[in-house]
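Chemist: Sharing a structure here in C-alpha cells format.
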Amino acid sequence: MELYSYFRSTAAYRVRIALGLKELEHELTPVNLVMGQQREQGFLAENPQGLVPALKLDSGEVLAQSSAILEWLEEAHPNPPLYPQDLLAKTRMRALCQHIACDIHPLNNLRVLRYLGETLDLEQSQVDNWYAHWIHRGFSAIEETVASFKAGFSMDGYPGMLEVFLIPQVYNAYRFKVDLSAFPHIVALDQRCQTLAAFATAHPIRQTDTPQEERA
Ligand SMILES: N[C@@H](CCC(=O)N[C@@H](CS)C(=O)NCC(=O)O)C(=O)O
C-alpha cells in the first residue's frame with residue numbers, strides 16, 4: 001500500500017497511526033501541501049478531492065478521506081480490532097471519533113485558519129483565539145470519557161480508534177500553543193500513547209518529509 005501523506009497533516013497522521021497499530025506494510029509518498037502539490041494534476045488524478053491522506057491499495061484503487069480509509073483498514077485488516085466488539089460501545093467510540101473528525105478538525109483546518117487571516121483579515125491573535133475556542137469546546141466533551149480509562153486506553157489494554165483520532169488533534173493543539181491544562185486526562189493519554197511504537201513512528205517530527213528543524 002502507498003499512503004499519500006504530509007508530515008504535519010493531522011488527518012494523514014491518523015492513518016499512519018492505524019497502519020502502525022495494525023502493523024501493515026506500506027510506503028509513504030509525501031505531498032507538500034505548502035507547495036500546493038495537492039492541487040497538481042498528478043495528485044488530482046489519484047485523489048480528485050485534492051486532500052491528504054489518500055491510500056493507494058495494492059490493487060491500484062485509491063481511497064480518500066481518513067475516516068473512510070480507517071473504516072476500510074478496520075474491515076479489511078480486523079486484527080487488532082480498533083473498535084470494541086459490543087455494538088453500543090462501538091457506536092459510542094465512533095461518535096467520539098466523529099466529534100473530532102467532523103466537529104473539531106474542520107473548524108481548525110489550515111485552509112479555514114488561512115481564510116480567517118488572509119480573506120477576512122482577522123489579527124493573528126483572533127485566529128489563535130478561534131483555534132483555542134474550538135479545541136476547548138471539543139476536548140471538554142471527551143475529557144470525562146478519557147478519565148474513565150484511568151492509566152489505560154480506550155480498548156482493553158491498548159489504544160483504539162479514539163486514540164487514532166484524538167492524538168493527532170492533541171499534537172495540533174500543542175502546535176498552536178493551546179493551553180491544555182483543563183484536560184489532564186487527555187494530556188496523560190497522549191503521553192502514554194507516545195511511548196508506543198505505532199504513535200512514535202507516526203509522529204510528525206519523524207516523517208521522511210519532516211524539515212530538519214522540526215525533527216526530533
Ligand atoms: N476530512 C478530510 C480532511 C482532509 C484534510 O483536510 N487534509 C488537509 C491536511 S490535514 C489537506 O490536505 N489540506 C490541503 C488543502 O486544504 O489544500 C479527511 O479526514 O481526510
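Residue names in the C-alpha cells use chain letters A, B, ... in the order shown, residue numbers from 1 in each chain, and ligand numbers from 1 in the order shown.
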To check your reading of the model: which residues sit at most 6 Å from ligand 1 when counting only C-alpha atoms and all ligand atoms? Write the answer as a list in words.
Modeler: Ser9, Thr10, Ala11, Leu33, Leu51, Val52, Pro53, Gln65, Ser66, Ser67 and Arg111 of chain A
Chemist: Go through stretch 10-172 of chain A and collect every residue that DSSP, computed from the backbone, puts in alpha helix (DSSP H); the answer should be as a PyMOL selection string.
Modeler: chain A and resi 10-21+41-46+66-76+87-103+110-114+124-147+161-172
Chemist: Output C-alpha atoms for every residue in that selection, as an mmCIF file, in the first residue's frame.
Modeler:
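File produced: part39.cif:
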```cif
data_model
loop_
_atom_site.group_PDB
_atom_site.id
_atom_site.type_symbol
_atom_site.label_atom_id
_atom_site.label_comp_id
_atom_site.auth_asym_id
_atom_site.auth_seq_id
_atom_site.Cartn_x
_atom_site.Cartn_y
_atom_site.Cartn_z
ATOM 1 C CA THR A 10 -3.432 15.515 11.294
ATOM 2 C CA ALA A 11 -5.752 13.538 9.005
ATOM 3 C CA ALA A 12 -2.769 11.683 7.495
ATOM 4 C CA TYR A 13 -1.312 11.215 10.998
ATOM 5 C CA ARG A 14 -4.488 9.278 11.926
ATOM 6 C CA VAL A 15 -3.931 6.816 9.118
ATOM 7 C CA ARG A 16 -0.204 6.497 9.890
ATOM 8 C CA ILE A 17 -1.084 5.510 13.473
ATOM 9 C CA ALA A 18 -3.666 2.916 12.378
ATOM 10 C CA LEU A 19 -1.263 1.377 9.845
ATOM 11 C CA GLY A 20 1.262 1.108 12.679
ATOM 12 C CA LEU A 21 -1.201 -0.386 15.200
ATOM 13 C CA GLN A 41 -2.627 17.180 -11.907
ATOM 14 C CA GLY A 42 -0.574 14.130 -10.897
ATOM 15 C CA PHE A 43 -2.073 14.022 -7.414
ATOM 16 C CA LEU A 44 -5.588 15.065 -8.517
ATOM 17 C CA ALA A 45 -5.585 12.094 -10.880
ATOM 18 C CA GLU A 46 -5.150 9.883 -7.782
ATOM 19 C CA SER A 66 -9.200 9.495 6.560
ATOM 20 C CA SER A 67 -12.425 8.244 8.217
ATOM 21 C CA ALA A 68 -13.309 6.140 5.173
ATOM 22 C CA ILE A 69 -9.735 4.845 4.917
ATOM 23 C CA LEU A 70 -9.759 3.909 8.614
ATOM 24 C CA GLU A 71 -13.081 2.072 8.247
ATOM 25 C CA TRP A 72 -11.621 0.183 5.281
ATOM 26 C CA LEU A 73 -8.494 -0.733 7.255
ATOM 27 C CA GLU A 74 -10.624 -1.945 10.147
ATOM 28 C CA GLU A 75 -12.763 -4.155 7.901
ATOM 29 C CA ALA A 76 -10.032 -5.391 5.574
ATOM 30 C CA LEU A 87 -22.263 -2.635 19.343
ATOM 31 C CA LEU A 88 -23.202 0.067 21.826
ATOM 32 C CA ALA A 89 -19.582 0.624 22.915
ATOM 33 C CA LYS A 90 -18.510 0.630 19.258
ATOM 34 C CA THR A 91 -21.125 3.237 18.336
ATOM 35 C CA ARG A 92 -20.095 5.388 21.303
ATOM 36 C CA MET A 93 -16.452 5.268 20.212
ATOM 37 C CA ARG A 94 -17.477 6.122 16.636
ATOM 38 C CA ALA A 95 -19.393 9.127 17.983
ATOM 39 C CA LEU A 96 -16.265 10.427 19.732
ATOM 40 C CA CYS A 97 -14.159 9.876 16.600
ATOM 41 C CA GLN A 98 -16.713 11.761 14.507
ATOM 42 C CA HIS A 99 -16.810 14.512 17.099
ATOM 43 C CA ILE A 100 -13.099 15.046 16.430
ATOM 44 C CA ALA A 101 -13.245 14.492 12.662
ATOM 45 C CA CYS A 102 -16.432 16.482 11.974
ATOM 46 C CA ASP A 103 -16.809 18.993 14.807
ATOM 47 C CA LEU A 110 -5.263 25.190 7.937
ATOM 48 C CA ARG A 111 -7.351 26.340 4.979
ATOM 49 C CA VAL A 112 -10.004 27.668 7.376
ATOM 50 C CA LEU A 113 -7.392 29.471 9.516
ATOM 51 C CA ARG A 114 -5.854 30.959 6.366
ATOM 52 C CA GLN A 124 -3.274 36.507 14.330
ATOM 53 C CA SER A 125 -4.438 36.742 17.978
ATOM 54 C CA GLN A 126 -8.071 36.422 16.821
ATOM 55 C CA VAL A 127 -7.235 33.406 14.670
ATOM 56 C CA ASP A 128 -5.414 31.848 17.650
ATOM 57 C CA ASN A 129 -8.455 32.501 19.844
ATOM 58 C CA TRP A 130 -10.701 30.837 17.253
ATOM 59 C CA TYR A 131 -8.425 27.797 17.206
ATOM 60 C CA ALA A 132 -8.251 27.526 21.020
ATOM 61 C CA HIS A 133 -12.023 28.061 21.375
ATOM 62 C CA TRP A 134 -12.919 25.035 19.238
ATOM 63 C CA ILE A 135 -10.275 22.853 20.872
ATOM 64 C CA HIS A 136 -11.657 23.744 24.320
ATOM 65 C CA ARG A 137 -15.273 23.159 23.268
ATOM 66 C CA GLY A 138 -14.319 19.885 21.573
ATOM 67 C CA PHE A 139 -11.985 18.446 24.216
ATOM 68 C CA SER A 140 -14.457 19.290 27.013
ATOM 69 C CA ALA A 141 -16.804 16.680 25.559
ATOM 70 C CA ILE A 142 -14.085 13.990 25.589
ATOM 71 C CA GLU A 143 -12.130 14.576 28.814
ATOM 72 C CA GLU A 144 -14.550 12.672 31.073
ATOM 73 C CA THR A 145 -14.542 9.593 28.843
ATOM 74 C CA VAL A 146 -10.750 9.623 28.721
ATOM 75 C CA ALA A 147 -10.673 9.938 32.552
ATOM 76 C CA MET A 161 -9.846 4.288 17.086
ATOM 77 C CA LEU A 162 -10.435 7.033 19.669
ATOM 78 C CA GLU A 163 -6.690 7.495 20.150
ATOM 79 C CA VAL A 164 -6.184 7.303 16.360
ATOM 80 C CA PHE A 165 -8.337 10.441 16.018
ATOM 81 C CA LEU A 166 -7.528 12.191 19.283
ATOM 82 C CA ILE A 167 -3.725 12.095 19.446
ATOM 83 C CA PRO A 168 -3.178 13.986 16.144
ATOM 84 C CA GLN A 169 -5.618 16.654 17.353
ATOM 85 C CA VAL A 170 -3.621 16.960 20.597
ATOM 86 C CA TYR A 171 -0.419 17.367 18.537
ATOM 87 C CA ASN A 172 -2.083 20.137 16.564
#
```
Chemist: Neighbours of A:Lys22 within 10 Å (only C-alpha atoms; same-chain residues fewer than 5 positions away dropped), as a PyMOL selection string?
Modeler: chain A and resi 17+73-74+77-82+198
Chemist: Per DSSP on the backbone, what are the strand (DSSP E or B) residues of chain A, as a PyMOL selection string?
Modeler: chain A and resi 2-5+27-30+54-56+62-64
Chemist: Compile the contact shell of A:Met155 as a PyMOL selection string: residues with an atom at most 7 Å away, counting only C-alpha atoms, same-chain residues fewer than 4 positions apart removed.
Modeler: chain A and resi 84+159-160
Chemist: Pick out the closest residue to A:Gln191 from this set: A:Ala151, A:Ile205, A:Val34, A:Leu55. Count only C-alpha atoms.
Modeler: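 Between A:Ala151, A:Ile205, A:Val34, A:Leu55, the residue approaching A:Gln191 most closely is A:Ala151.
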Chemist: Can you work out the spacing between atom CA of A:Gln207 and atom CA of A:Gly117 in Å, to one decimal?
Modeler: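 It comes out at 28.2 Å.
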